[in-house]
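Everything on this sheet refers to the single structure shown next.
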Amino acid sequence: MTKRSVNIGLCGLGTVGQGVIELLAEGGDVLRTRVGADIALRHCATRTPKPEINTLGATESRDVFAVAQDPEVDVLVELIGGTTVAKDLVVAALEQGKHVVTANKALLAEHGETLFALAEAKGLTLRFEAAVAGGIPIIETVKSSLATNHVTSVAGIINGTGNFILTEMAAKGREFADVLEEAQALGYAEADPTFDVDGTDAAQKLVLLASLAFGQRIDVASVFKQGVDSVSPTDIDYARELGFCIKHLGIAKRQGSAIELRVHPTLIPKSKAIAQVDGVLNAVMINASGVGELLLVGPGAGSRPTASAVTADIAAIALSIAKGDQPSALNMGIPLAYFSTASIVDIDHVSSSWYLRLEAEDTPGAMAAITQCLSERDIGIASLIQKLDSPDVQRVPVVLLTDNASTAAIASAMKAIEALPSVGGQVTSLRVEYF
Ligand code: HSE
């Protein structure tokens, strides 16, 4: 049976919710043509009254669960964020037989297994294009467009706030806190920006991407996390001098039958395409058996780009409903019964090149002692800079780039270097990827 109007229930009228209303209003005619039915905003709910927002004639409620209970609503859009009420809301909507669209990566990273199982059991769609990399259509790409590929790695800049901060610090020498405040004002950062800063947001997105790409269940706690707040202006300057820029990356890579999962600041050669991805832009690189290497770039946060992904999900569901088809319940691309539990490589056994920065006495033998700490652990040196800016100072900065070494080996070398009498203070380390 075909349907002339597909009814949407929108929960949450924050930055993204408002963008969704704008795009539904602007795109009404195009959507009607494409979908073959009206997409009507039937019911909106927000805990804080927002009388200034035109909700296009929708019923308005303060209680988000009223939307889940509304028999007229076909698709519930969850944009309230968080993992407690949001989880109950999505469960309630699925229990009521409604399809769900969400932008909530925290919810899916934490409770995805339960929610996807419930959706599949009920034969309902749970779509989440906006949960990863904002406006970039990465979920649909991995889930459907690469269906015949064996994916070997997924890596990228997947937090817009972090990239905005690093770009502004590098280009304009701005202070971290000042740029973070601007990212909040622009609607890029999470309500509580801690997750943007400490790598949690990127880890949640990486888990969703890697799960889809590798067809495996992944515990978000197994992702190694280092936040963008560990990057100092000094390291940005030295990296630039060495021909690199620093980006905060999420990396998921097959290593035999296990996978590496890590989010951390990373030095990348300036000549690489991903090194040019600045500001709030995100970029996702995929290596896959059929297509080879893909790089998708686009706005990773913000009201309209994220709303673009949400409304694309709404349109995809509406198209099936309007045609009288049951929308697909293969929300992770394949039936959940085919999912295995991923075995994650211990971070100590993950290898890369490294950037090391320390301060050492400018005396004969000091440099030899440092390089010995590395060579004793079979770690080669690719470049070395010793700064002799002021001949009077006791200690001078030393910056090294190493060859490939495991996290465990570099940690051991750093400990030995820090114990040298000619070295003062801690050694700073950052990973280097050449892609
Ligand atoms: N706070 C997130 C970011 C929003 O900055 O990437 C998009 O998920």
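Every chain in the structure tokens has a letter given in the order shown (A, B, ...), and although residue numbers restart at 1 in each chain, ligands are simply numbered from 1 in the order shown.
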DSSP strand (DSSP E) selection over segment 113-177 of chain A, as a VMD selection string: chain A and resid 126 to 127 151 to 157
Give me a file of those residues, with N, CA and C atoms, as a compact mmCIF listing (two decimals), in the first residue's frame.
```txt
# COMPACT_ATOMS: atom_id res chain seq x y z
N LEU A 126 16.97 1.52 11.65
CA LEU A 126 17.63 2.44 12.60
C LEU A 126 18.81 3.02 11.84
N ARG A 127 18.65 4.24 11.34
CA ARG A 127 19.70 4.83 10.50
C ARG A 127 20.47 5.89 11.27
N VAL A 151 37.41 -4.47 3.41
CA VAL A 151 38.05 -3.23 3.89
C VAL A 151 39.24 -3.58 4.77
N THR A 152 40.39 -2.98 4.50
CA THR A 152 41.57 -3.28 5.32
C THR A 152 41.87 -2.17 6.33
N SER A 153 41.48 -0.94 6.01
CA SER A 153 41.67 0.12 7.01
C SER A 153 40.71 1.28 6.77
N VAL A 154 40.40 1.95 7.87
CA VAL A 154 39.59 3.17 7.82
C VAL A 154 40.32 4.14 8.74
N ALA A 155 40.61 5.33 8.23
CA ALA A 155 41.33 6.29 9.08
C ALA A 155 40.89 7.68 8.70
N GLY A 156 40.90 8.58 9.66
CA GLY A 156 40.55 9.93 9.26
C GLY A 156 40.42 10.92 10.38
N ILE A 157 40.09 12.12 9.95
CA ILE A 157 39.82 13.22 10.87
C ILE A 157 38.32 13.15 11.12
```
Produce as a ChimeraX atom specification the set of residues near ligand 1, where near means within 7 Å with only C-alpha atoms and all ligand atoms considered. /A:131-134,158-162,188-190,196,201,300-302
Could the residues in this selection be saved with N, CA and C atoms as a CSV table (one decimal), in the first residue's frame?
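Final output, part_36.csv:
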```
chain,number,residue,atom,x,y,z
A,131,ALA,N,25.7,10.4,12.5
A,131,ALA,CA,26.5,10.1,13.8
A,131,ALA,C,28.0,10.1,13.5
A,132,VAL,N,28.4,10.0,12.3
A,132,VAL,CA,29.9,9.9,12.0
A,132,VAL,C,30.2,10.9,10.9
A,133,ALA,N,31.1,11.8,11.2
A,133,ALA,CA,31.7,12.8,10.2
A,133,ALA,C,30.6,13.7,9.6
A,134,GLY,N,29.6,14.1,10.4
A,134,GLY,CA,28.6,15.1,10.0
A,134,GLY,C,28.0,14.9,8.6
A,158,ILE,N,37.9,12.8,12.3
A,158,ILE,CA,36.5,12.5,12.5
A,158,ILE,C,35.9,13.3,13.7
A,159,ASN,N,36.7,14.3,14.1
A,159,ASN,CA,36.1,15.3,15.1
A,159,ASN,C,36.4,16.7,14.5
A,160,GLY,N,35.3,17.4,14.2
A,160,GLY,CA,35.4,18.7,13.6
A,160,GLY,C,35.9,19.7,14.5
A,161,THR,N,35.5,19.7,15.8
A,161,THR,CA,36.0,20.6,16.8
A,161,THR,C,37.5,20.5,16.9
A,162,GLY,N,38.0,19.3,17.0
A,162,GLY,CA,39.5,19.1,17.2
A,162,GLY,C,40.2,19.6,16.0
A,188,TYR,N,29.8,23.5,16.7
A,188,TYR,CA,30.6,22.3,16.3
A,188,TYR,C,30.8,21.4,17.5
A,189,ALA,N,31.0,22.0,18.7
A,189,ALA,CA,31.4,21.1,19.8
A,189,ALA,C,30.2,20.5,20.5
A,190,GLU,N,30.4,19.4,21.2
A,190,GLU,CA,29.3,18.8,22.0
A,190,GLU,C,28.9,19.7,23.1
A,196,ASP,N,35.0,16.1,22.9
A,196,ASP,CA,35.7,16.5,21.7
A,196,ASP,C,37.2,16.6,22.0
A,201,ASP,N,34.8,11.4,21.6
A,201,ASP,CA,33.8,11.6,20.5
A,201,ASP,C,34.4,10.9,19.2
A,300,GLY,N,32.3,18.3,9.0
A,300,GLY,CA,32.2,17.2,10.0
A,300,GLY,C,31.3,17.5,11.1
A,301,ALA,N,30.8,18.8,11.2
A,301,ALA,CA,30.0,19.2,12.3
A,301,ALA,C,29.2,20.5,11.8
A,302,GLY,N,28.3,20.9,12.7
A,302,GLY,CA,27.5,22.1,12.3
A,302,GLY,C,26.1,21.8,12.0
```
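Of the residues listed (A:Ala213, A:Ala307, A:Leu319, A:Val91), A:Ala213 shows the shortest atom-to-atom separation from Ile286 of chain A; distances use only C-alpha atoms.
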Contacts of segment 61-78 of chain A at 7 Å (only C-alpha atoms; same-chain gap of 3+ positions) as a ChimeraX atom specification: /A:6-12,42-47,89,92-93,96,98-102
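Pairwise distance (atom CA of Val142 of chain A, atom CA of Val345 of chain A) equals 22.4 Å.
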Excluding Ala360 of chain A and its own-chain neighbours fewer than 4 positions away, which residues fall within 10 Å of it when counting only C-alpha atoms? Please give them as a PyMOL selection string. chain A and resi 366-367+370+386+394-398+417-418+420-425
Those residues you just picked out, can you put them in a file as an mmCIF file, in the first residue's frame with N, CA, C and O atoms?
```cif
data_model
loop_
_atom_site.group_PDB
_atom_site.id
_atom_site.type_symbol
_atom_site.label_atom_id
_atom_site.label_comp_id
_atom_site.auth_asym_id
_atom_site.auth_seq_id
_atom_site.Cartn_x
_atom_site.Cartn_y
_atom_site.Cartn_z
ATOM 1 N N ALA A 366 76.223 13.779 25.042
ATOM 2 C CA ALA A 366 74.796 13.813 25.419
ATOM 3 C C ALA A 366 73.935 13.205 24.315
ATOM 4 O O ALA A 366 73.065 12.369 24.570
ATOM 5 N N MET A 367 74.224 13.623 23.086
ATOM 6 C CA MET A 367 73.414 13.123 21.973
ATOM 7 C C MET A 367 73.648 11.622 21.770
ATOM 8 O O MET A 367 72.712 10.864 21.469
ATOM 9 N N ILE A 370 71.568 9.609 24.104
ATOM 10 C CA ILE A 370 70.140 9.568 23.710
ATOM 11 C C ILE A 370 69.949 8.547 22.583
ATOM 12 O O ILE A 370 69.056 7.691 22.639
ATOM 13 N N GLN A 386 68.786 19.498 16.552
ATOM 14 C CA GLN A 386 69.192 20.010 17.857
ATOM 15 C C GLN A 386 69.236 21.518 17.719
ATOM 16 O O GLN A 386 69.901 22.056 16.839
ATOM 17 N N GLN A 394 71.432 26.141 29.478
ATOM 18 C CA GLN A 394 72.011 24.855 29.895
ATOM 19 C C GLN A 394 71.544 23.710 29.015
ATOM 20 O O GLN A 394 72.303 22.837 28.657
ATOM 21 N N ARG A 395 70.247 23.725 28.732
ATOM 22 C CA ARG A 395 69.692 22.628 27.941
ATOM 23 C C ARG A 395 69.089 23.167 26.656
ATOM 24 O O ARG A 395 68.485 24.247 26.653
ATOM 25 N N VAL A 396 69.184 22.377 25.594
ATOM 26 C CA VAL A 396 68.649 22.809 24.298
ATOM 27 C C VAL A 396 67.602 21.789 23.840
ATOM 28 O O VAL A 396 67.699 20.605 24.174
ATOM 29 N N PRO A 397 66.599 22.252 23.078
ATOM 30 C CA PRO A 397 65.593 21.317 22.581
ATOM 31 C C PRO A 397 66.185 20.377 21.542
ATOM 32 O O PRO A 397 67.003 20.784 20.712
ATOM 33 N N VAL A 398 65.772 19.119 21.635
ATOM 34 C CA VAL A 398 66.172 18.106 20.647
ATOM 35 C C VAL A 398 64.886 17.478 20.122
ATOM 36 O O VAL A 398 64.015 17.111 20.906
ATOM 37 N N ILE A 417 65.687 7.443 28.310
ATOM 38 C CA ILE A 417 66.182 8.794 27.963
ATOM 39 C C ILE A 417 65.934 9.752 29.139
ATOM 40 O O ILE A 417 66.798 10.552 29.508
ATOM 41 N N GLU A 418 64.730 9.657 29.710
ATOM 42 C CA GLU A 418 64.386 10.557 30.825
ATOM 43 C C GLU A 418 65.301 10.342 32.035
ATOM 44 O O GLU A 418 65.505 11.253 32.846
ATOM 45 N N LEU A 420 68.492 9.788 31.832
ATOM 46 C CA LEU A 420 69.866 10.246 31.565
ATOM 47 C C LEU A 420 70.141 11.546 32.324
ATOM 48 O O LEU A 420 69.284 12.451 32.319
ATOM 49 N N PRO A 421 71.335 11.671 32.931
ATOM 50 C CA PRO A 421 71.634 12.913 33.672
ATOM 51 C C PRO A 421 71.667 14.142 32.769
ATOM 52 O O PRO A 421 71.398 15.258 33.219
ATOM 53 N N SER A 422 71.941 13.935 31.473
ATOM 54 C CA SER A 422 72.044 15.087 30.563
ATOM 55 C C SER A 422 70.690 15.540 30.031
ATOM 56 O O SER A 422 70.596 16.507 29.277
ATOM 57 N N VAL A 423 69.623 14.812 30.397
ATOM 58 C CA VAL A 423 68.296 15.150 29.870
ATOM 59 C C VAL A 423 67.439 15.693 30.999
ATOM 60 O O VAL A 423 67.408 15.138 32.098
ATOM 61 N N GLY A 424 66.729 16.787 30.700
ATOM 62 C CA GLY A 424 65.877 17.380 31.742
ATOM 63 C C GLY A 424 64.418 17.198 31.420
ATOM 64 O O GLY A 424 63.975 17.442 30.306
ATOM 65 N N GLY A 425 63.649 16.750 32.364
ATOM 66 C CA GLY A 425 62.193 16.669 32.203
ATOM 67 C C GLY A 425 61.745 15.506 31.341
ATOM 68 O O GLY A 425 62.520 14.600 31.017
#
```
